[in-house]
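What follows is final_32.json (JSON, C-alpha atoms).
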[["chain", "number", "residue", "atom", "x", "y", "z"],
["Q", 255, "MET", "CA", -11.97, -8.52, 8.71],
["Q", 256, "GLY", "CA", -9.22, -6.38, 7.22],
["Q", 257, "LYS", "CA", -5.53, -6.78, 7.85],
["Q", 258, "THR", "CA", -3.94, -5.54, 11.05],
["Q", 259, "ARG", "CA", -1.64, -2.53, 11.10],
["Q", 260, "GLN", "CA", 1.40, -4.76, 11.49],
["Q", 261, "GLN", "CA", 0.38, -6.88, 8.51],
["Q", 262, "LEU", "CA", -0.23, -3.86, 6.32],
["Q", 263, "ALA", "CA", 3.10, -2.30, 7.31],
["Q", 264, "SER", "CA", 4.92, -5.58, 6.59],
["Q", 265, "ASP", "CA", 3.19, -5.91, 3.22],
["Q", 266, "LEU", "CA", 4.18, -2.34, 2.39],
["Q", 267, "VAL", "CA", 7.86, -3.02, 3.17],
["Q", 268, "GLN", "CA", 7.82, -6.26, 1.17],
["Q", 269, "GLU", "CA", 6.16, -4.73, -1.87],
["Q", 270, "ASP", "CA", 8.38, -1.64, -1.75],
["Q", 271, "LEU", "CA", 11.56, -3.74, -1.59],
["Q", 272, "TYR", "CA", 10.33, -6.03, -4.37],
["Q", 273, "GLN", "CA", 9.62, -3.07, -6.67],
["Q", 274, "ARG", "CA", 13.02, -1.50, -5.94],
["Q", 275, "LEU", "CA", 14.79, -4.76, -6.74],
["Q", 276, "GLY", "CA", 13.07, -4.74, -10.12],
["Q", 277, "TRP", "CA", 14.22, -1.17, -10.61],
["Q", 278, "LEU", "CA", 17.80, -2.24, -9.74],
["Q", 279, "ILE", "CA", 17.69, -5.03, -12.32],
["Q", 280, "ARG", "CA", 16.44, -2.64, -14.99],
["Q", 281, "LEU", "CA", 19.25, -0.21, -14.14],
["Q", 282, "ARG", "CA", 21.75, -3.03, -14.57],
["Q", 283, "TRP", "CA", 20.59, -3.53, -18.18],
["Q", 284, "LEU", "CA", 21.47, 0.12, -18.77],
["Q", 285, "ALA", "CA", 24.85, -0.50, -17.13],
["Q", 286, "VAL", "CA", 25.54, -3.43, -19.47],
["Q", 287, "CYS", "CA", 24.73, -1.32, -22.54],
["Q", 288, "GLY", "CA", 26.60, 1.70, -21.16],
["Q", 289, "LEU", "CA", 29.70, -0.37, -20.43],
["Q", 290, "LEU", "CA", 29.74, -1.80, -23.94],
["Q", 291, "ILE", "CA", 29.45, 1.67, -25.47],
["Q", 292, "THR", "CA", 32.14, 3.04, -23.13],
["Q", 293, "ILE", "CA", 34.60, 0.28, -24.05],
["Q", 294, "LEU", "CA", 34.11, 0.82, -27.76],
["Q", 295, "PHE", "CA", 34.24, 4.62, -27.42],
["Q", 296, "THR", "CA", 37.46, 4.69, -25.40],
["Q", 297, "ARG", "CA", 39.15, 2.19, -27.70],
["Q", 298, "TYR", "CA", 38.17, 3.40, -31.12],
["Q", 299, "VAL", "CA", 37.35, 7.09, -30.57],
["Q", 300, "LEU", "CA", 39.65, 8.18, -27.73],
["Q", 301, "GLN", "CA", 42.35, 5.75, -28.89],
["Q", 302, "PHE", "CA", 42.99, 4.39, -25.39],
["Q", 303, "ARG", "CA", 44.09, 0.76, -25.15],
["Q", 304, "PRO", "CA", 42.11, -1.05, -22.46],
["Q", 305, "ALA", "CA", 42.22, -4.85, -22.21],
["Q", 306, "LEU", "CA", 39.31, -5.60, -24.52],
["Q", 307, "VAL", "CA", 38.98, -9.36, -23.96],
["Q", 308, "PRO", "CA", 38.68, -9.19, -20.14],
["Q", 309, "LEU", "CA", 36.34, -6.20, -20.33],
["Q", 310, "PHE", "CA", 34.03, -7.86, -22.85],
["Q", 311, "THR", "CA", 34.13, -11.06, -20.77],
["Q", 312, "LEU", "CA", 33.16, -9.18, -17.61],
["Q", 313, "ASN", "CA", 30.38, -7.38, -19.44],
["Q", 314, "ALA", "CA", 29.04, -10.75, -20.62],
["Q", 315, "ALA", "CA", 29.28, -12.07, -17.05],
["Q", 316, "LEU", "CA", 27.29, -9.08, -15.81],
["Q", 317, "LEU", "CA", 24.64, -9.72, -18.47],
["Q", 318, "ILE", "CA", 24.35, -13.41, -17.56],
["Q", 319, "ALA", "CA", 24.20, -12.63, -13.85],
["Q", 320, "ASN", "CA", 21.42, -10.12, -14.45],
["Q", 321, "LEU", "CA", 19.44, -12.71, -16.41],
["Q", 322, "PHE", "CA", 19.65, -14.97, -13.36],
["Q", 323, "HIS", "CA", 18.65, -12.08, -11.08],
["Q", 324, "LEU", "CA", 15.67, -11.30, -13.29],
["Q", 325, "SER", "CA", 14.49, -14.92, -13.26],
["Q", 326, "TYR", "CA", 14.79, -15.17, -9.48],
["Q", 327, "TRP", "CA", 13.12, -11.78, -8.99],
["Q", 328, "ARG", "CA", 10.05, -12.82, -11.00],
["Q", 329, "ARG", "CA", 9.63, -15.91, -8.81],
["Q", 330, "SER", "CA", 10.01, -14.00, -5.55],
["Q", 331, "ARG", "CA", 6.88, -11.86, -5.72],
["Q", 332, "THR", "CA", 5.54, -13.25, -2.45],
["Q", 333, "SER", "CA", 8.88, -14.02, -0.79],
["Q", 334, "PRO", "CA", 9.40, -12.72, 2.77],
["Q", 335, "VAL", "CA", 11.37, -9.54, 3.36],
["Q", 336, "GLU", "CA", 14.37, -11.41, 4.77],
["Q", 337, "SER", "CA", 14.73, -13.45, 1.59],
["Q", 338, "LEU", "CA", 14.52, -10.33, -0.59],
["Q", 339, "VAL", "CA", 17.14, -8.57, 1.54],
["Q", 340, "ARG", "CA", 19.57, -11.47, 1.15],
["Q", 341, "PHE", "CA", 18.92, -11.49, -2.58],
["Q", 342, "ALA", "CA", 19.61, -7.74, -2.79],
["Q", 343, "ILE", "CA", 22.82, -7.98, -0.73],
["Q", 344, "THR", "CA", 24.10, -10.79, -2.97],
["Q", 345, "GLN", "CA", 23.43, -8.66, -6.06],
["Q", 346, "THR", "CA", 25.15, -5.63, -4.58],
["Q", 347, "ILE", "CA", 28.31, -7.49, -3.53],
["Q", 348, "LEU", "CA", 28.52, -9.19, -6.93],
["Q", 349, "ASP", "CA", 28.22, -5.78, -8.59],
["Q", 350, "TYR", "CA", 31.07, -4.46, -6.43],
["Q", 351, "VAL", "CA", 33.30, -7.41, -7.32],
["Q", 352, "ILE", "CA", 32.62, -7.08, -11.06],
["Q", 353, "LEU", "CA", 33.15, -3.32, -10.92],
["Q", 354, "THR", "CA", 36.47, -3.77, -9.09],
["Q", 355, "VAL", "CA", 37.75, -6.23, -11.69],
["Q", 356, "LEU", "CA", 36.54, -3.93, -14.47],
["Q", 357, "LEU", "CA", 38.50, -1.06, -12.94],
["Q", 358, "HIS", "CA", 41.62, -3.19, -12.69],
["Q", 359, "TYR", "CA", 41.53, -4.04, -16.39],
["Q", 360, "SER", "CA", 40.81, -0.43, -17.38],
["Q", 361, "GLY", "CA", 43.45, 1.48, -15.44],
["Q", 362, "GLY", "CA", 42.63, 0.89, -11.77],
["Q", 363, "VAL", "CA", 42.28, 4.02, -9.64],
["Q", 364, "GLU", "CA", 43.43, 6.19, -12.52],
["Q", 365, "ASN", "CA", 40.16, 5.38, -14.30],
["Q", 366, "PRO", "CA", 37.69, 8.24, -13.66],
["Q", 367, "LEU", "CA", 34.85, 5.72, -13.70],
["Q", 368, "ILE", "CA", 35.85, 4.79, -10.17],
["Q", 369, "VAL", "CA", 33.09, 7.23, -9.16],
["Q", 370, "THR", "CA", 30.66, 4.50, -10.25],
["Q", 371, "PHE", "CA", 31.09, 3.09, -6.76],
["Q", 372, "VAL", "CA", 29.34, 6.21, -5.48],
["Q", 373, "PHE", "CA", 26.23, 5.46, -7.54],
["Q", 374, "GLN", "CA", 26.31, 1.84, -6.43],
["Q", 375, "CYS", "CA", 26.44, 2.88, -2.78],
["Q", 376, "ILE", "CA", 23.58, 5.34, -3.26],
["Q", 377, "ILE", "CA", 21.44, 2.61, -4.82],
["Q", 378, "ALA", "CA", 22.33, 0.24, -1.97],
["Q", 379, "SER", "CA", 21.41, 2.91, 0.58],
["Q", 380, "MET", "CA", 17.95, 3.13, -1.01],
["Q", 381, "LEU", "CA", 17.44, -0.61, -0.48],
["Q", 382, "PHE", "CA", 18.88, -1.31, 2.97],
["Q", 383, "SER", "CA", 18.99, 0.00, 6.50],
["Q", 384, "PRO", "CA", 21.75, 2.49, 7.41],
["Q", 385, "SER", "CA", 23.88, -0.17, 9.14],
["Q", 386, "VAL", "CA", 23.79, -2.51, 6.13],
["Q", 387, "SER", "CA", 24.43, 0.41, 3.77],
["Q", 388, "TYR", "CA", 27.59, 1.43, 5.66],
["Q", 389, "LEU", "CA", 28.79, -2.18, 5.73],
["Q", 390, "LEU", "CA", 28.35, -2.44, 1.96],
["Q", 391, "ALA", "CA", 30.18, 0.88, 1.45],
["Q", 392, "ALA", "CA", 33.01, -0.49, 3.60],
["Q", 393, "THR", "CA", 33.00, -3.62, 1.42],
["Q", 394, "ALA", "CA", 33.45, -1.45, -1.67],
["Q", 395, "LEU", "CA", 36.37, 0.40, -0.05],
["Q", 396, "ILE", "CA", 38.00, -2.88, 0.99],
["Q", 397, "LEU", "CA", 37.75, -4.22, -2.56],
["Q", 398, "VAL", "CA", 39.27, -1.06, -4.07],
["Q", 399, "SER", "CA", 42.02, -0.95, -1.43],
["Q", 400, "ALA", "CA", 42.82, -4.62, -2.04],
["Q", 401, "MET", "CA", 43.05, -3.95, -5.77],
["Q", 402, "VAL", "CA", 45.46, -1.05, -5.14],
["Q", 403, "LEU", "CA", 47.64, -3.13, -2.80],
["Q", 404, "PHE", "CA", 47.75, -6.09, -5.16],
["Q", 405, "GLU", "CA", 48.77, -3.80, -8.01],
["Q", 406, "GLN", "CA", 51.40, -2.06, -5.87],
["Q", 407, "PHE", "CA", 53.02, -5.36, -4.90],
["Q", 408, "ASN", "CA", 52.59, -6.70, -8.43],
["Q", 409, "LEU", "CA", 50.37, -9.54, -7.23],
["Q", 410, "TRP", "CA", 47.81, -8.32, -9.73],
["Q", 411, "PRO", "CA", 49.84, -6.44, -12.37],
["Q", 412, "HIS", "CA", 48.60, -2.94, -12.95],
["Q", 413, "ARG", "CA", 47.20, -2.22, -16.41],
["Q", 414, "HIS", "CA", 47.95, 1.36, -17.32],
["Q", 415, "LEU", "CA", 45.35, 3.27, -19.31],
["Q", 416, "ASP", "CA", 47.57, 4.36, -22.19],
["Q", 417, "GLY", "CA", 47.07, 7.91, -23.33],
["Q", 418, "TYR", "CA", 45.23, 9.17, -20.24],
["Q", 419, "LEU", "CA", 47.71, 9.73, -17.36],
["Q", 420, "PRO", "CA", 51.52, 9.61, -17.13],
["Q", 421, "PRO", "CA", 52.65, 6.00, -16.66],
["Q", 422, "GLY", "CA", 54.34, 6.57, -13.29],
["Q", 423, "LEU", "CA", 51.56, 8.51, -11.58],
["Q", 424, "PRO", "CA", 49.34, 5.60, -10.47],
["Q", 425, "SER", "CA", 52.29, 4.02, -8.65],
["Q", 426, "GLN", "CA", 52.95, 7.06, -6.46],
["Q", 427, "GLY", "CA", 51.87, 6.57, -2.85],
["Q", 428, "GLN", "CA", 50.54, 10.10, -2.39],
["Q", 429, "TYR", "CA", 48.35, 9.84, -5.47],
["Q", 430, "LEU", "CA", 46.94, 6.46, -4.41],
["Q", 431, "LEU", "CA", 46.37, 7.58, -0.82],
["Q", 432, "GLY", "CA", 44.62, 10.72, -2.02],
["Q", 433, "GLU", "CA", 42.35, 8.70, -4.31],
["Q", 434, "LEU", "CA", 41.40, 6.28, -1.53],
["Q", 435, "ILE", "CA", 40.78, 9.05, 1.02],
["Q", 436, "THR", "CA", 38.65, 10.96, -1.48],
["Q", 437, "LEU", "CA", 36.66, 7.84, -2.32],
["Q", 438, "THR", "CA", 36.14, 7.12, 1.39],
["Q", 439, "ILE", "CA", 34.82, 10.62, 2.07],
["Q", 440, "VAL", "CA", 32.54, 10.66, -0.97],
["Q", 441, "LEU", "CA", 31.10, 7.21, -0.22],
["Q", 442, "SER", "CA", 30.53, 8.06, 3.45],
["Q", 443, "VAL", "CA", 28.78, 11.34, 2.68],
["Q", 444, "SER", "CA", 26.68, 9.73, -0.06],
["Q", 445, "VAL", "CA", 25.55, 6.90, 2.21],
["Q", 446, "TYR", "CA", 24.80, 9.31, 5.06],
["Q", 447, "LEU", "CA", 22.67, 11.63, 2.94],
["Q", 448, "THR", "CA", 20.83, 8.83, 1.16],
["Q", 449, "THR", "CA", 20.08, 6.83, 4.31],
["Q", 450, "THR", "CA", 18.90, 9.97, 6.12],
["Q", 451, "ILE", "CA", 16.44, 10.78, 3.35],
["Q", 452, "GLU", "CA", 15.35, 7.16, 2.98],
["Q", 453, "THR", "CA", 14.84, 6.69, 6.72],
["Q", 454, "ALA", "CA", 12.54, 9.70, 6.83],
["Q", 455, "SER", "CA", 10.71, 8.46, 3.74],
["Q", 456, "ARG", "CA", 10.27, 4.95, 5.19],
["Q", 457, "ARG", "CA", 8.99, 6.41, 8.43],
["Q", 458, "ARG", "CA", 6.37, 8.40, 6.53],
["Q", 459, "ARG", "CA", 5.35, 5.36, 4.49],
["Q", 460, "THR", "CA", 5.02, 3.28, 7.65],
["Q", 461, "GLU", "CA", 2.92, 6.00, 9.26],
["Q", 462, "VAL", "CA", 0.67, 6.09, 6.19],
["Q", 463, "ALA", "CA", 0.32, 2.30, 6.36],
["Q", 464, "LYS", "CA", -0.65, 2.50, 10.03],
["Q", 465, "ARG", "CA", -3.22, 5.20, 9.31],
["Q", 466, "SER", "CA", -4.61, 3.09, 6.47],
["Q", 467, "ALA", "CA", -4.86, 0.09, 8.81],
["Q", 468, "GLU", "CA", -6.66, 2.21, 11.41],
["Q", 469, "LEU", "CA", -9.12, 3.44, 8.78],
["Q", 470, "GLU", "CA", -9.69, -0.13, 7.62],
["Q", 471, "GLU", "CA", -10.36, -1.25, 11.20],
["Q", 472, "ALA", "CA", -12.78, 1.67, 11.65],
["Q", 473, "ARG", "CA", -14.58, 0.66, 8.44],
["Q", 474, "ASP", "CA", -14.84, -2.92, 9.74],
["Q", 475, "GLN", "CA", -16.33, -1.66, 12.98],
["Q", 476, "ILE", "CA", -18.80, 0.51, 11.07],
["Q", 477, "ARG", "CA", -19.79, -2.43, 8.88],
["Q", 478, "GLN", "CA", -20.31, -4.60, 11.97],
["Q", 479, "ALA", "CA", -22.37, -1.85, 13.60],
["Q", 480, "ASP", "CA", -24.46, -1.55, 10.42],
["Q", 481, "LYS", "CA", -25.04, -5.31, 10.44],
["Q", 482, "MET", "CA", -26.16, -5.24, 14.07],
["Q", 483, "ALA", "CA", -28.42, -2.26, 13.40],
["Q", 484, "ALA", "CA", -29.96, -4.08, 10.44],
["Q", 485, "LEU", "CA", -30.54, -7.18, 12.59],
["Q", 486, "GLY", "CA", -32.09, -5.03, 15.31],
["Q", 487, "GLN", "CA", -34.39, -3.35, 12.78],
["Q", 488, "MET", "CA", -35.39, -6.72, 11.37],
["Q", 489, "ALA", "CA", -36.14, -8.04, 14.86],
["Q", 490, "ALA", "CA", -38.20, -4.93, 15.60],
["Q", 491, "ASN", "CA", -40.21, -5.34, 12.39],
["Q", 492, "MET", "CA", -40.82, -9.01, 13.09],
["Q", 493, "ALA", "CA", -41.92, -8.19, 16.64],
["Q", 494, "HIS", "CA", -44.29, -5.55, 15.30],
["Q", 495, "ASP", "CA", -45.71, -7.93, 12.71],
["Q", 496, "ILE", "CA", -46.25, -10.60, 15.35],
["Q", 497, "ASN", "CA", -47.55, -8.19, 17.99],
["Q", 498, "ASN", "CA", -50.61, -7.05, 15.98],
["Q", 499, "PRO", "CA", -52.22, -10.48, 15.44],
["Q", 500, "ALA", "CA", -51.11, -11.56, 18.89],
["Q", 501, "GLY", "CA", -52.92, -8.54, 20.39],
["Q", 502, "VAL", "CA", -56.12, -9.39, 18.49],
["Q", 503, "ILE", "CA", -55.93, -13.00, 19.67],
["Q", 504, "CYS", "CA", -55.40, -11.91, 23.26],
["Q", 505, "SER", "CA", -58.35, -9.50, 23.14],
["Q", 506, "ARG", "CA", -60.65, -12.23, 21.69],
["Q", 507, "LEU", "CA", -59.54, -14.62, 24.40],
["Q", 508, "GLU", "CA", -60.36, -12.07, 27.06],
["Q", 509, "VAL", "CA", -63.88, -11.61, 25.60],
["Q", 510, "MET", "CA", -64.39, -15.33, 25.47]]
As structure tokens, please, write out the structure in this file.
Amino acid sequence: MGKTRQQLASDLVQEDLYQRLGWLIRLRWLAVCGLLITILFTRYVLQFRPALVPLFTLNAALLIANLFHLSYWRRSRTSPVESLVRFAITQTILDYVILTVLLHYSGGVENPLIVTFVFQCIIASMLFSPSVSYLLAATALILVSAMVLFEQFNLWPHRHLDGYLPPGLPSQGQYLLGELITLTIVLSVSVYLTTTIETASRRRRTEVAKRSAELEEARDQIRQADKMAALGQMAANMAHDINNPAGVICSRLEVM
């Protein structure tokens, strides 16, 4: 017997999430390489002065973390969906934390690469349900807001990106509030659009899985019907083969 519709739908969700986690890990390798190139380019080509040691350390931490993620991902081929979701959420939050610290050491909100949070939220929205996606976007906003507050109160001294913006601009309340409001709007719209598209796509994939399960059940029924028909034909042939000699015997007995 084939799998039920529920089993096929569950297998589809599990396999889809597993494949997307592998895609996320591969994207992170590109991020590690891209970050290294960006650091070197801004320092030696654009002549900015970011904090090289912390940035290189964080890039190394991201590389090591991704090696761990890759090892765990390879062993989780048959893991249940709940385990894969927890694994994905852990990766996403760790990415947000590393990105926040990277921003702090490379200019904070004055760094244009703050838009990277948008891409992270889009990727998260492709992995999770809308509710989880919005919670993760809120987590990103909380981390950025905490970084801004810590820098404003000198709890986490701001590191100005020399040569990019005027030194006093990042400390102005209007500038910071505008950056945070803009980031909030962009993240919210990005999550809304991505989750809307993904929800429709998941619904279609689930419908396809159900139709596939129904077809598989129909094939099973056809195969069972074929087996019964074959048994019936065999019984009919055996009855015919037995009936001929039995008829002759009966006729001889009547004569006798």
Show which residues sit within 12 Å of Val307 (chain Q), as a PyMOL selection string. Count all atoms listed in the file, and ignore same-chain residues fewer than 2 positions away. chain Q and resi 290+293-294+303-305+309-314+356+359-360
Interatomic distance between CA of Phe295 (chain Q) and CA of Gly361 (chain Q)? 15.4 Å
Ala391 (chain Q) environment, 9 Å, all atoms listed in the file, sequence neighbours closer than 6 positions dropped, as a VMD selection string: chain Q and resid 371 to 372 374 to 375 378 438 441 to 442 445
Nearest-residue call for Gly276 (chain Q), choices Q:Gln345, Q:Leu317, Q:His412, Q:Phe302, using only C-alpha atoms: Q:Gln345
Min atom-atom distance to Leu289 (chain Q) from the set Q:Ala342, Q:Val267, Q:Ile352, Q:Ile347, counting all atoms listed in the file, belongs to Q:Ile352
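Straight-line separation from CA of Pro334 (chain Q) to CA of Glu269 (chain Q): 9.8 Å.
Atom pair CA of Leu437 (chain Q) / CA of Thr370 (chain Q): separated by 10.5 Å.
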What are the closest atom pairs, with distances in Å to one decimal, for all residues of region 383-440 of chain Q lying within 8 Å of region 448-468 of chain Q? Consider all atoms listed in the file, order rows by chain and residue number, and present the result as a tab-separated table.
residue	atom	partner	partner_atom	distance
Q:Ser383	CA	Q:Thr449	CA	7.3
Q:Pro384	CA	Q:Thr449	CA	5.6
Q:Ser387	CA	Q:Thr449	CA	7.8
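Nearest to Ala394 (chain Q) of all the residues Q:Glu470, Q:Asp480, Q:Asp270, Q:Asp349 is Q:Asp349, based on only C-alpha atoms.
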